[in-house]
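Chemist: One structure coming up, written as structure tokens, with questions to follow.
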Amino acid sequence: MLELVNLSKKFKHLYAVKNLNMFIEKGEIVGLLGPNGAGKSTAITMLSSLVEPTTGDVRFKNKSILKSPGPIRRVIGMVPQEIALYNDLSAEENLQFFGRIYRLKGNDLKQKIDEILELIGLADRRKDIVKKFSGGMKRRLNIGVALLHNPELIIMDEPTVGIDPQSRNYILETVKRLNEEKQMTVIYTSHYMEEVEFLCDRIYIMDQGNLIASGTKEEIKRILSAEKTIIVKADRLNNTFIDSLKQNPTINRVTVENKTVTIIVPKEINIFQTVLKLAEEAKLELNSVDIKTPTLEDVFLHLTGRALRD
Amino acid sequence: MIWHIVKKQLLVFWRNPQQLLLILGLPIILIAILGASLGGLMEGEPISIDAKVAFIEHGDEQTQVDMFLDEIKNNKLPQEAVNAISSSAKEMMPISILKKDILGSDDLKNIIDLEIVKPSKKDDVLKNKEYAAVIEVPENFTYKTLKSIYLENGSKGELQVYKNEGNQLGSNIVTGILQQYQEQLSLTTFAGKQGIASEALQVDPDAIIGETVAINQKKPVSAKNYYAVGMAVMNVLFIASTIGSIAFLEKRTHVFNRVLLADVSRWIYFIGIFISGTIIGFLHLSLVFGVAWLVFGVTWPNLFGCLVVTLGLAIAVGGLSVLLTAICFRLNSEMITNFFGSIVVTLCAFLGGSFFPIGDLSKAIQVAGNFTPNGAAMTAYLSIMRGDNISAVMDQIAFLFIFAAVLITVAAISFPKRGQII
């Protein structure tokens, strides 16, 4: 359905996206994963025809969209990271305006607005001004606007940023439902691993403008099949303990976040006794030591040496 | 499609009471304040000119005429010529004419308060700032003048005028009168030489009070009228910066991207911005003038003329709106609308005469002011208020349309092209 071929975007001397190759099949949910500044949003603006790439091509149904973006624009629904709504208008007025922009009118528009408001759970707040909405409600309406014209392909750029868990859950369930019930193709960008793991069939991982991994969830996790993750928790972590872990030749990687140390070691190494010994030497009282199955977060850590939210 | 963009823009304006209050309420408040505080200075009645003029005369005029007549009798002129000059010179008393027939005429009585002062009091009147001017007739002025006219002999008498710089209007009027009078005397000299009857030459009081005529316009503009126009044409410019800000917000929050992704041409959006600016500008001016009519009694003798100027200015505001939007999009910054709203509007308002009739101070400023949209519109509005018809303000109306066309062209050139907007 959609193909990105050697796509690059250069701003002055900096590549925001470099030689990106991707494909999206009809009915898939594809995740685009990466930390802030990885190039996800730039990639999205190029594949949606808003920005011309420096080099490369975007092909929609085997035709380049660079010269004639009309066909993709007519079937695309975009949910930008920002709340792209009019704060001074009501939910219904926003839907009316964008509906008219999408050339819907009369009863069709009215019915569609009712359907969308129902879907996003704002039917009883339709007359309320958007600026009075909570963050979660605005996010839902932001998605609702993109669904007005029954798009074949919906692109969601970090649609759950800054909202409460309940609204987040609602959005994720809605996306899943749209995909299952309407066979809508979804491109979903996020730096929340658990969202991508929950929603996506296939994942592309980006970092600093480059594509560093791609495949199904299982394929990507298999990158870490030769390793395992140990989570160590302690109230008063000290540098002696951290340094001794880092200096241990059997440990591949050590990262520290608050009171938690994540250790990645080869699968065959039994590190449990070593960790206890090092903690004792560092006079550190441990709260827990867990062995964890690999997550996408661990994959990202493995590939880049940084946590996703760094 | 354009209509939906315009409708949305109107709705956004309507839903923003703070902005509405600023754009609509502010000019009304300013009209009330400025109209009341500066009303005395610019009342609608003709400006009252009360120039007090001191007149100091050295010597007696009749004695000088007699002296001149004695002299020509002793001259070696033919008897017929002596008789003709004698009869004419008896009528020719330049100082009496100046005092009674010119400065004391019915036309100037209301303007000039003439006071005959003894030469011994000259220093006192020169120190007294109440006098707009002091006219001093030197010794033998009439005698010298008659000799110059009839005998082409000797130098002409010259009046001495002391102007009070503190009363520029009054002193300028007196100077104007004396210049006219001086020219008449020269003509009389010429007529005398050519044998033309001096009665044929009259000092034209209308010509003398030319300056007064310029001040007493056809239909006076009161302070409230002036500031209704001044504040309306100034505040309407804020519409352009507000629309520019709203458009930039649409870009920043990716609403504009949503519009583009709905396969709407950016030119449709561009035209929508222009039409929004024009309509909101027109509504703004109409509302301000409407309230000014209801509250302050500001009326228009030629409503059609007023509407045409309003349309011209509204189109110029539409042009400004689209230009500011294009620059904001190009620079990806709202800086230009802030700069326009805070600096450019103030400067234009100052040059255009929104605060006070600055054009009266300097011709250059007046010209510069007329090259601002508000200044051109203000000139046209005031002209229509004074009773001129639309043909008298065609230059200003043409300027507003050309101004808008230039801005739209520049905006279209600078508006980011497809694939350049993020």
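Identifiers in the structure tokens: chain A, B, ... in order shown; residue index from 1 per chain; ligand index from 1 in order shown.
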Using only C-alpha atoms, find which residues of chain A lie within 9 Å of chain B and jot them down as JSON, numbers by chain.

Modeler: {"A": [42, 45, 46, 48, 49, 50, 51, 52, 53, 66, 69, 70, 71, 72, 73, 74, 75, 76, 77, 78, 79, 80, 81, 82, 83, 84, 85, 86, 87, 88, 89, 93, 97, 98, 100, 101, 102, 103, 146]}

Chemist: Considering only C-alpha atoms, return as number ranges by chain whatever protein or nucleic-acid residues lie within 12 Å of Val406 (chain B), sequence-local ones (same chain, fewer than 6 positions apart) excluded.

Modeler: B: 315-316, 318-320, 322-323, 399-400, 412-413

Chemist: Residues of the last selection are to be written out with C-alpha atoms, as an mmCIF file, in the first residue's frame.

Modeler:
data_model
loop_
_atom_site.group_PDB
_atom_site.id
_atom_site.type_symbol
_atom_site.label_atom_id
_atom_site.label_comp_id
_atom_site.auth_asym_id
_atom_site.auth_seq_id
_atom_site.Cartn_x
_atom_site.Cartn_y
_atom_site.Cartn_z
ATOM 1 C CA ILE B 315 -9.391 45.509 1.262
ATOM 2 C CA ALA B 316 -6.086 47.065 2.332
ATOM 3 C CA GLY B 318 -7.186 42.074 3.887
ATOM 4 C CA GLY B 319 -3.927 42.598 1.983
ATOM 5 C CA LEU B 320 -2.047 43.306 5.213
ATOM 6 C CA VAL B 322 -2.423 37.924 4.053
ATOM 7 C CA LEU B 323 1.038 39.511 3.938
ATOM 8 C CA PHE B 399 -4.133 54.258 -3.417
ATOM 9 C CA LEU B 400 -5.919 51.850 -1.040
ATOM 10 C CA ALA B 412 1.747 35.359 -2.798
ATOM 11 C CA ILE B 413 5.445 35.418 -3.696
#

Chemist: Any idea what's packed within 6 Å of region 122-138 of chain B, counting only C-alpha atoms, ignoring anything in its chain fewer than 4 positions away? Could you give it as a list of chain:residue names?

Modeler: B:Ala51, B:Lys52, B:Val53, B:Ala54, B:Phe55, B:Ile56, B:Glu57, B:His58, B:Leu159, B:Gln160, B:Val161, B:Tyr162, B:Lys163, B:Asn164, B:Asn167, B:Gly170, B:Ser171

Chemist: Grab the CA of Ala81 (chain B) to CA of Glu158 (chain B) distance for me, in Å with one decimal place.

Modeler: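 It comes out at 26.7 Å.
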
Chemist: In terms of the shortest atom-to-atom distance over only C-alpha atoms, which of A:Pro266, A:Tyr170, A:Gly31, A:Lys61 is closest to Glu197 (chain A)?

Modeler: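 Once distances to Glu197 (chain A) are computed over only C-alpha atoms, the minimum belongs to A:Gly31.
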
Chemist: To one decimal place in Å, what is the distance between CA of Tyr192 (chain A) and CA of Ile223 (chain A)?

Modeler: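 The value is 19.3 Å.
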
Chemist: For the helix (DSSP H, G or I) assignment from backbone DSSP, which residues of region 48-220 of chain A qualify? Please present them as a PyMOL selection string.

Modeler: chain A and resi 70-75+91-101+106-119+123-125+130-132+135-147+165-182+193-199+217-220

Chemist: Have a look at CA of Glu152 (chain A) and CA of Met184 (chain A) and let me know their distance in Å, one decimal.

Modeler: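 Atom-to-atom, CA of Glu152 (chain A) and CA of Met184 (chain A) are spaced 5.5 Å apart.
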
Chemist: From the options A:Gly27, A:Gly215, A:Pro35, A:Gly135, which residue's atoms come nearest to Glu181 (chain A), counting only C-alpha atoms?

Modeler: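 For Glu181 (chain A), the nearest of the candidates is A:Gly27.
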
Chemist: Skipping near chain neighbours, those fewer than 6 positions away, what residues fall within 10 Å of Met385 (chain B) using only C-alpha atoms, listed as a list in words?

Modeler: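 Once the nearby chain positions are removed, what remains is Lys218, Lys219, Pro220, Val221, Ser222, Asn225, Tyr226, Val229, Val298, Thr299, Trp300, Pro301, Asn302, Leu303, Gly305, Cys306 and Thr379 of chain B.
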
Chemist: For the strand (DSSP E) assignment from backbone DSSP, which residues of region 48-149 of chain B qualify? Please present them as a list in words.

Modeler: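 Selecting the strand (DSSP E) positions of region 48-149 of chain B gives Ala51, Lys52, Val53, Ala54, Phe55, Ile56, Glu57, Ile112, Asp113, Leu114, Glu115, Ile116, Val117, Tyr131, Ala132, Ala133, Val134, Ile135, Glu136 and Val137 of chain B.
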